[in-house]
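final_25.cif, holding mmCIF, N, CA and C atoms and all ligand atoms:
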```cif
data_protein
loop_
_atom_site.label_atom_id
_atom_site.label_comp_id
_atom_site.auth_asym_id
_atom_site.auth_seq_id
_atom_site.Cartn_x
_atom_site.Cartn_y
_atom_site.Cartn_z
N MET A 1 123.95 98.04 99.80
CA MET A 1 124.28 96.73 99.23
C MET A 1 123.07 95.80 99.31
N VAL A 2 122.45 95.77 100.50
CA VAL A 2 121.26 94.96 100.68
C VAL A 2 120.15 95.42 99.74
N ARG A 3 120.02 96.76 99.64
CA ARG A 3 118.97 97.31 98.79
C ARG A 3 119.21 96.93 97.32
N ASN A 4 120.49 96.98 96.88
CA ASN A 4 120.81 96.61 95.51
C ASN A 4 120.45 95.16 95.22
N ASP A 5 120.80 94.28 96.16
CA ASP A 5 120.48 92.87 96.00
C ASP A 5 118.98 92.69 95.87
N SER A 6 118.25 93.44 96.71
CA SER A 6 116.80 93.32 96.71
C SER A 6 116.20 93.77 95.39
N SER A 7 116.66 94.93 94.89
CA SER A 7 116.04 95.41 93.66
C SER A 7 116.45 94.54 92.47
N ARG A 8 117.66 93.98 92.55
CA ARG A 8 118.07 93.09 91.47
C ARG A 8 117.17 91.85 91.46
N LYS A 9 116.85 91.37 92.65
CA LYS A 9 115.99 90.21 92.78
C LYS A 9 114.61 90.50 92.18
N TRP A 10 114.10 91.71 92.50
CA TRP A 10 112.77 92.05 91.98
C TRP A 10 112.79 92.22 90.47
N TRP A 11 113.90 92.73 89.96
CA TRP A 11 114.03 92.81 88.50
C TRP A 11 114.02 91.43 87.88
N GLN A 12 114.73 90.52 88.52
CA GLN A 12 114.79 89.15 88.00
C GLN A 12 113.39 88.54 87.99
N ILE A 13 112.65 88.76 89.09
CA ILE A 13 111.30 88.20 89.18
C ILE A 13 110.41 88.84 88.12
N LEU A 14 110.51 90.15 87.98
CA LEU A 14 109.70 90.86 86.99
C LEU A 14 109.99 90.36 85.58
N SER A 15 111.28 90.23 85.27
CA SER A 15 111.61 89.80 83.91
C SER A 15 111.17 88.36 83.67
N MET A 16 111.17 87.56 84.74
CA MET A 16 110.68 86.19 84.57
C MET A 16 109.18 86.17 84.30
N PHE A 17 108.45 87.07 84.98
CA PHE A 17 107.01 87.15 84.74
C PHE A 17 106.72 87.61 83.31
N LEU A 18 107.50 88.58 82.83
CA LEU A 18 107.32 89.06 81.47
C LEU A 18 107.61 87.96 80.46
N LYS A 19 108.68 87.23 80.73
CA LYS A 19 109.07 86.12 79.86
C LYS A 19 107.96 85.06 79.85
N LEU A 20 107.43 84.79 81.04
CA LEU A 20 106.37 83.80 81.17
C LEU A 20 105.15 84.21 80.35
N ARG A 21 104.82 85.51 80.42
CA ARG A 21 103.67 86.01 79.69
C ARG A 21 103.87 85.84 78.19
N SER A 22 105.07 86.17 77.70
CA SER A 22 105.30 86.06 76.26
C SER A 22 105.34 84.60 75.83
N LEU A 23 105.80 83.72 76.73
CA LEU A 23 105.81 82.29 76.40
C LEU A 23 104.39 81.75 76.29
N TYR A 24 103.52 82.18 77.22
CA TYR A 24 102.12 81.75 77.16
C TYR A 24 101.48 82.23 75.87
N ARG A 25 101.79 83.48 75.50
CA ARG A 25 101.22 84.05 74.28
C ARG A 25 101.69 83.26 73.07
N GLU A 26 102.99 82.94 73.05
CA GLU A 26 103.56 82.20 71.93
C GLU A 26 102.97 80.79 71.85
N ARG A 27 102.75 80.21 73.03
CA ARG A 27 102.18 78.87 73.09
C ARG A 27 100.77 78.87 72.51
N ARG A 28 99.99 79.89 72.91
CA ARG A 28 98.62 79.98 72.41
C ARG A 28 98.61 80.15 70.89
N LYS A 29 99.52 81.00 70.41
CA LYS A 29 99.62 81.25 68.98
C LYS A 29 99.99 79.97 68.23
N SER A 30 100.95 79.22 68.78
CA SER A 30 101.38 77.98 68.14
C SER A 30 100.24 76.98 68.07
N ILE A 31 99.45 76.92 69.15
CA ILE A 31 98.33 75.98 69.17
C ILE A 31 97.27 76.41 68.16
N GLU A 32 97.05 77.71 68.03
CA GLU A 32 96.11 78.21 67.03
C GLU A 32 96.57 77.85 65.62
N GLU A 33 97.86 78.04 65.37
CA GLU A 33 98.42 77.69 64.06
C GLU A 33 98.25 76.21 63.78
N LEU A 34 98.50 75.42 64.81
CA LEU A 34 98.36 73.97 64.69
C LEU A 34 96.93 73.61 64.33
N GLY A 35 95.99 74.23 65.03
CA GLY A 35 94.57 73.97 64.77
C GLY A 35 94.18 74.36 63.35
N ALA A 36 94.67 75.51 62.90
CA ALA A 36 94.35 75.98 61.56
C ALA A 36 94.92 75.01 60.52
N LYS A 37 96.13 74.54 60.78
CA LYS A 37 96.80 73.61 59.86
C LYS A 37 96.03 72.29 59.80
N VAL A 38 95.63 71.80 60.96
CA VAL A 38 94.87 70.54 61.00
C VAL A 38 93.61 70.67 60.17
N TYR A 39 92.91 71.78 60.37
CA TYR A 39 91.65 71.97 59.66
C TYR A 39 91.88 72.09 58.15
N GLU A 40 92.91 72.85 57.80
CA GLU A 40 93.23 73.03 56.38
C GLU A 40 93.47 71.69 55.70
N LEU A 41 94.27 70.85 56.35
CA LEU A 41 94.60 69.54 55.76
C LEU A 41 93.39 68.61 55.80
N TYR A 42 92.59 68.75 56.83
CA TYR A 42 91.36 67.95 56.92
C TYR A 42 90.46 68.25 55.73
N ARG A 43 90.34 69.53 55.43
CA ARG A 43 89.51 69.95 54.30
C ARG A 43 90.02 69.37 52.98
N LYS A 44 91.35 69.29 52.88
CA LYS A 44 91.95 68.78 51.64
C LYS A 44 92.08 67.27 51.66
N ASN A 45 91.59 66.69 52.76
CA ASN A 45 91.67 65.24 52.93
C ASN A 45 93.11 64.73 52.97
N GLU A 46 94.00 65.54 53.56
CA GLU A 46 95.41 65.15 53.63
C GLU A 46 95.90 65.07 55.07
N LEU A 47 94.97 64.82 55.95
CA LEU A 47 95.33 64.81 57.37
C LEU A 47 96.33 63.69 57.67
N ASP A 48 97.47 64.09 58.18
CA ASP A 48 98.54 63.13 58.47
C ASP A 48 99.28 63.63 59.71
N THR A 49 99.19 62.87 60.78
CA THR A 49 99.74 63.34 62.05
C THR A 49 101.25 63.60 61.99
N GLU A 50 101.93 62.91 61.08
CA GLU A 50 103.37 63.12 60.95
C GLU A 50 103.70 64.60 60.70
N LYS A 51 102.79 65.25 59.97
CA LYS A 51 103.03 66.63 59.61
C LYS A 51 102.96 67.59 60.80
N PHE A 52 102.39 67.12 61.89
CA PHE A 52 102.19 68.02 63.03
C PHE A 52 103.22 67.86 64.12
N LYS A 53 104.10 66.90 63.92
CA LYS A 53 105.09 66.65 64.96
C LYS A 53 105.90 67.90 65.27
N GLU A 54 106.27 68.61 64.22
CA GLU A 54 107.08 69.82 64.41
C GLU A 54 106.32 70.86 65.23
N TYR A 55 105.03 71.04 64.88
CA TYR A 55 104.20 72.00 65.61
C TYR A 55 104.08 71.60 67.08
N CYS A 56 103.77 70.32 67.28
CA CYS A 56 103.57 69.83 68.65
C CYS A 56 104.86 69.93 69.44
N GLN A 57 105.96 69.65 68.78
CA GLN A 57 107.26 69.73 69.44
C GLN A 57 107.54 71.16 69.90
N LYS A 58 107.13 72.12 69.06
CA LYS A 58 107.35 73.52 69.40
C LYS A 58 106.55 73.89 70.65
N VAL A 59 105.28 73.46 70.68
CA VAL A 59 104.44 73.73 71.85
C VAL A 59 105.03 73.07 73.09
N LEU A 60 105.49 71.84 72.91
CA LEU A 60 106.08 71.11 74.03
C LEU A 60 107.30 71.84 74.60
N SER A 61 108.16 72.33 73.71
CA SER A 61 109.36 72.99 74.19
C SER A 61 109.02 74.32 74.86
N LEU A 62 107.95 74.98 74.36
CA LEU A 62 107.48 76.20 75.02
C LEU A 62 106.99 75.88 76.43
N GLU A 63 106.27 74.77 76.55
CA GLU A 63 105.74 74.38 77.85
C GLU A 63 106.87 74.02 78.82
N GLU A 64 107.90 73.39 78.27
CA GLU A 64 109.05 73.06 79.11
C GLU A 64 109.70 74.33 79.65
N GLU A 65 109.80 75.33 78.77
CA GLU A 65 110.40 76.60 79.17
C GLU A 65 109.53 77.28 80.24
N ILE A 66 108.21 77.19 80.05
CA ILE A 66 107.28 77.77 81.02
C ILE A 66 107.46 77.12 82.39
N GLU A 67 107.55 75.79 82.40
CA GLU A 67 107.72 75.07 83.66
C GLU A 67 109.03 75.45 84.35
N GLU A 68 110.06 75.62 83.52
CA GLU A 68 111.37 75.98 84.06
C GLU A 68 111.31 77.32 84.80
N ILE A 69 110.64 78.28 84.16
CA ILE A 69 110.54 79.62 84.76
C ILE A 69 109.66 79.58 86.01
N LYS A 70 108.58 78.82 85.95
CA LYS A 70 107.71 78.67 87.13
C LYS A 70 108.51 78.12 88.31
N GLU A 71 109.34 77.13 88.00
CA GLU A 71 110.16 76.51 89.03
C GLU A 71 111.11 77.53 89.66
N LYS A 72 111.71 78.36 88.79
CA LYS A 72 112.62 79.40 89.27
C LYS A 72 111.89 80.39 90.17
N LEU A 73 110.67 80.77 89.75
CA LEU A 73 109.89 81.70 90.55
C LEU A 73 109.57 81.11 91.91
N LEU A 74 109.25 79.81 91.92
CA LEU A 74 108.97 79.14 93.18
C LEU A 74 110.19 79.13 94.08
N SER A 75 111.34 78.92 93.49
CA SER A 75 112.56 78.87 94.30
C SER A 75 112.87 80.24 94.90
N PHE A 76 112.44 81.30 94.22
CA PHE A 76 112.59 82.63 94.81
C PHE A 76 111.72 82.77 96.04
N LYS A 77 110.51 82.22 95.94
CA LYS A 77 109.58 82.27 97.08
C LYS A 77 110.13 81.50 98.26
N ARG A 78 110.77 80.38 97.95
CA ARG A 78 111.28 79.51 99.01
C ARG A 78 112.62 79.98 99.55
N GLU A 79 113.08 81.10 99.03
CA GLU A 79 114.42 81.57 99.36
C GLU A 79 114.63 81.66 100.86
N LYS A 80 115.82 81.26 101.27
CA LYS A 80 116.13 81.26 102.70
C LYS A 80 116.76 82.59 103.11
N ILE A 81 116.68 82.84 104.39
CA ILE A 81 117.42 83.97 104.94
C ILE A 81 118.46 83.41 105.92
N PHE A 82 119.33 84.27 106.39
CA PHE A 82 120.37 83.79 107.29
C PHE A 82 120.18 84.38 108.68
N CYS A 83 120.39 83.54 109.68
CA CYS A 83 120.28 83.99 111.06
C CYS A 83 121.32 85.07 111.33
N LYS A 84 120.84 86.17 111.92
CA LYS A 84 121.77 87.28 112.18
C LYS A 84 122.77 86.94 113.28
N SER A 85 122.46 85.89 114.04
CA SER A 85 123.34 85.53 115.14
C SER A 85 124.34 84.43 114.77
N CYS A 86 123.83 83.31 114.24
CA CYS A 86 124.74 82.19 113.98
C CYS A 86 125.04 82.00 112.50
N GLY A 87 124.28 82.68 111.63
CA GLY A 87 124.58 82.62 110.19
C GLY A 87 124.04 81.41 109.47
N GLN A 88 123.28 80.56 110.16
CA GLN A 88 122.68 79.41 109.48
C GLN A 88 121.56 79.89 108.56
N ASP A 89 121.35 79.17 107.45
CA ASP A 89 120.22 79.56 106.61
C ASP A 89 118.94 78.97 107.18
N ILE A 90 117.95 79.84 107.33
CA ILE A 90 116.67 79.44 107.91
C ILE A 90 115.53 79.93 107.01
N SER A 91 114.35 79.39 107.20
CA SER A 91 113.20 79.81 106.41
C SER A 91 112.72 81.19 106.85
N PRO A 92 112.33 82.07 105.88
CA PRO A 92 111.90 83.43 106.24
C PRO A 92 110.66 83.45 107.12
N GLU A 93 109.88 82.35 107.14
CA GLU A 93 108.66 82.33 107.95
C GLU A 93 108.98 82.13 109.44
N MET A 94 110.18 81.69 109.75
CA MET A 94 110.51 81.36 111.14
C MET A 94 110.77 82.61 111.97
N SER A 95 110.14 82.64 113.15
CA SER A 95 110.33 83.78 114.05
C SER A 95 111.60 83.61 114.88
N TYR A 96 111.98 82.34 115.08
CA TYR A 96 113.18 82.06 115.86
C TYR A 96 114.10 81.14 115.07
N CYS A 97 115.37 81.37 115.21
CA CYS A 97 116.35 80.49 114.57
C CYS A 97 116.28 79.11 115.22
N PRO A 98 116.08 78.05 114.41
CA PRO A 98 116.00 76.70 115.00
C PRO A 98 117.37 76.21 115.49
N TYR A 99 118.42 76.88 115.11
CA TYR A 99 119.76 76.44 115.50
C TYR A 99 120.22 77.06 116.82
N CYS A 100 119.97 78.40 116.95
CA CYS A 100 120.46 79.05 118.16
C CYS A 100 119.36 79.75 118.96
N GLY A 101 118.15 79.79 118.41
CA GLY A 101 117.02 80.33 119.15
C GLY A 101 116.90 81.84 119.13
N THR A 102 117.73 82.53 118.34
CA THR A 102 117.66 83.98 118.28
C THR A 102 116.39 84.43 117.54
N PRO A 103 115.63 85.35 118.14
CA PRO A 103 114.44 85.87 117.44
C PRO A 103 114.84 86.55 116.14
N GLN A 104 114.06 86.34 115.07
CA GLN A 104 114.44 86.85 113.75
C GLN A 104 113.63 88.06 113.30
N LYS A 105 112.72 88.53 114.15
CA LYS A 105 111.84 89.63 113.76
C LYS A 105 112.61 90.87 113.30
N GLU A 106 113.69 91.17 114.00
CA GLU A 106 114.41 92.41 113.70
C GLU A 106 115.52 92.20 112.68
N ASN A 107 115.56 90.99 112.12
CA ASN A 107 116.59 90.71 111.12
C ASN A 107 116.44 91.65 109.93
N PRO A 108 117.45 92.45 109.64
CA PRO A 108 117.36 93.41 108.51
C PRO A 108 117.26 92.70 107.16
N GLU A 109 117.67 91.42 107.11
CA GLU A 109 117.60 90.68 105.85
C GLU A 109 116.17 90.20 105.59
N ARG A 110 115.35 90.31 106.61
CA ARG A 110 114.01 89.76 106.50
C ARG A 110 113.09 90.76 105.82
N ARG A 111 112.50 90.34 104.71
CA ARG A 111 111.58 91.22 104.01
C ARG A 111 110.36 90.41 103.57
N ASN A 112 109.20 90.83 104.05
CA ASN A 112 107.98 90.10 103.67
C ASN A 112 107.19 90.81 102.59
N SER A 113 107.44 92.11 102.45
CA SER A 113 106.69 92.86 101.43
C SER A 113 107.67 93.55 100.49
N PRO A 114 107.23 93.76 99.25
CA PRO A 114 108.12 94.37 98.26
C PRO A 114 108.49 95.82 98.59
ZN ZN A 201 120.89 81.20 114.68
#
```

Could you take the file, read its structure, and then write that structure out as C-alpha cells?
Amino acid sequence: MVRNDSSRKWWQILSMFLKLRSLYRERRKSIEELGAKVYELYRKNELDTEKFKEYCQKVLSLEEEIEEIKEKLLSFKREKIFCKSCGQDISPEMSYCPYCGTPQKENPERRNSP
C-alpha cells in the first residue's frame, strides 16, 4: 500500500514535469509567433498593439499554468510525514517528533531518495 502511494506520487511528479516541459515549449513557440507577427506587420507599416492582445494573452495563460504546476511540485517537496508514535504531521527533515519526541529515523513512511 505504501509502495503504491509512493509510485503514484512519482508518476504524478513525472507527469507534472512532462507537462511543464510541453508548456515551456508552447510558450516559446507562441512568443516566436508573436515576434514573427510583429515583424510582418511592421514591414507592412500596420503595427497595432491591439492585434497582439490575443497572442500576449495566450502566453500569459501559459505562464499562469506553468506557475501553477511549479507550485504543485513545490508542495510535493514540502510534503509532511506523520509521526509513527503520535500521528502528528511533521516535516520530513525532522529527526525527532516535536510533539512527542519520538525519533523518526526508522519511520517507514520516511523516504529521502526515490
Ligand atoms: Zn510524535

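Inspection of the environment of ligand ZN 201 (chain A), which uses all atoms listed in the file and a cut-off of 8 Å, identifies the neighbouring residues as Phe82, Cys83, Lys84, Ser85, Cys86, Gly87, Gln88, Asp89, Tyr96, Cys97, Pro98, Tyr99, Cys100, Gly101, Thr102 and Pro103 of chain A.
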
Writing out the chosen residues with N, CA and C atoms as a PDB file, in the frame of the given file:
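Saved as part-v2.pdb:
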```pdb
ATOM      1  N   PHE A  82     119.330  84.270 106.390  1.00  0.00           N
ATOM      2  CA  PHE A  82     120.370  83.790 107.290  1.00  0.00           C
ATOM      3  C   PHE A  82     120.180  84.380 108.680  1.00  0.00           C
ATOM      4  N   CYS A  83     120.390  83.540 109.680  1.00  0.00           N
ATOM      5  CA  CYS A  83     120.280  83.990 111.060  1.00  0.00           C
ATOM      6  C   CYS A  83     121.320  85.070 111.330  1.00  0.00           C
ATOM      7  N   LYS A  84     120.840  86.170 111.920  1.00  0.00           N
ATOM      8  CA  LYS A  84     121.770  87.280 112.180  1.00  0.00           C
ATOM      9  C   LYS A  84     122.770  86.940 113.280  1.00  0.00           C
ATOM     10  N   SER A  85     122.460  85.890 114.040  1.00  0.00           N
ATOM     11  CA  SER A  85     123.340  85.530 115.140  1.00  0.00           C
ATOM     12  C   SER A  85     124.340  84.430 114.770  1.00  0.00           C
ATOM     13  N   CYS A  86     123.830  83.310 114.240  1.00  0.00           N
ATOM     14  CA  CYS A  86     124.740  82.190 113.980  1.00  0.00           C
ATOM     15  C   CYS A  86     125.040  82.000 112.500  1.00  0.00           C
ATOM     16  N   GLY A  87     124.280  82.680 111.630  1.00  0.00           N
ATOM     17  CA  GLY A  87     124.580  82.620 110.190  1.00  0.00           C
ATOM     18  C   GLY A  87     124.040  81.410 109.470  1.00  0.00           C
ATOM     19  N   GLN A  88     123.280  80.560 110.160  1.00  0.00           N
ATOM     20  CA  GLN A  88     122.680  79.410 109.480  1.00  0.00           C
ATOM     21  C   GLN A  88     121.560  79.890 108.560  1.00  0.00           C
ATOM     22  N   ASP A  89     121.350  79.170 107.450  1.00  0.00           N
ATOM     23  CA  ASP A  89     120.220  79.560 106.610  1.00  0.00           C
ATOM     24  C   ASP A  89     118.940  78.970 107.180  1.00  0.00           C
ATOM     25  N   TYR A  96     111.980  82.340 115.080  1.00  0.00           N
ATOM     26  CA  TYR A  96     113.180  82.060 115.860  1.00  0.00           C
ATOM     27  C   TYR A  96     114.100  81.140 115.070  1.00  0.00           C
ATOM     28  N   CYS A  97     115.370  81.370 115.210  1.00  0.00           N
ATOM     29  CA  CYS A  97     116.350  80.490 114.570  1.00  0.00           C
ATOM     30  C   CYS A  97     116.280  79.110 115.220  1.00  0.00           C
ATOM     31  N   PRO A  98     116.080  78.050 114.410  1.00  0.00           N
ATOM     32  CA  PRO A  98     116.000  76.700 115.000  1.00  0.00           C
ATOM     33  C   PRO A  98     117.370  76.210 115.490  1.00  0.00           C
ATOM     34  N   TYR A  99     118.420  76.880 115.110  1.00  0.00           N
ATOM     35  CA  TYR A  99     119.760  76.440 115.500  1.00  0.00           C
ATOM     36  C   TYR A  99     120.220  77.060 116.820  1.00  0.00           C
ATOM     37  N   CYS A 100     119.970  78.400 116.950  1.00  0.00           N
ATOM     38  CA  CYS A 100     120.460  79.050 118.160  1.00  0.00           C
ATOM     39  C   CYS A 100     119.360  79.750 118.960  1.00  0.00           C
ATOM     40  N   GLY A 101     118.150  79.790 118.410  1.00  0.00           N
ATOM     41  CA  GLY A 101     117.020  80.330 119.150  1.00  0.00           C
ATOM     42  C   GLY A 101     116.900  81.840 119.130  1.00  0.00           C
ATOM     43  N   THR A 102     117.730  82.530 118.340  1.00  0.00           N
ATOM     44  CA  THR A 102     117.660  83.980 118.280  1.00  0.00           C
ATOM     45  C   THR A 102     116.390  84.430 117.540  1.00  0.00           C
ATOM     46  N   PRO A 103     115.630  85.350 118.140  1.00  0.00           N
ATOM     47  CA  PRO A 103     114.440  85.870 117.440  1.00  0.00           C
ATOM     48  C   PRO A 103     114.840  86.550 116.140  1.00  0.00           C
TER      49      PRO A 103
END
```

Name the residues of chain A that come out as alpha helix (DSSP H) in a backbone DSSP run; write them as a PyMOL selection string.
-> chain A and resi 2-43+53-77

Residue contacts of Lys51 of chain A (12 Å, only C-alpha atoms) excluding same-chain residues fewer than 5 positions away, as a ChimeraX atom specification = /A:34,37-38,41,46,56-57

Contacts of segment 22-24 of chain A at 7 Å (all atoms listed in the file; same-chain gap of 5+ positions) as a ChimeraX atom specification | /A:17,29,62,66

Point out the residue among A:Ile69, A:Ile81, A:Leu74, A:Ile90 with the least atom-to-atom distance to Leu18 of chain A, counting only C-alpha atoms.
->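 Result for the nearest residue to Leu18 of chain A: A:Ile69.
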
Distance in Å - atom C of Arg43 of chain A versus atom N of Tyr55 of chain A | 19.2 Å

How many Å separate atom N of Gly35 of chain A from atom N of Lys53 of chain A?
->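 Here the two named atoms are 11.0 Å from each other.
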
Separation of atom N of Arg28 of chain A from atom CA of Val59 of chain A in Å |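 Distance reported for this atom pair: 7.7 Å.
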
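Nearest residue to Glu26 of chain A among A:Gln12, A:Glu40, A:Glu63, A:Asn45 is A:Glu63, counting only C-alpha atoms.
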
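Within segment 51-106 of chain A, DSSP run on the backbone puts these residues in strand (DSSP E): Ile81, Phe82, Asp89 and Ile90 of chain A.
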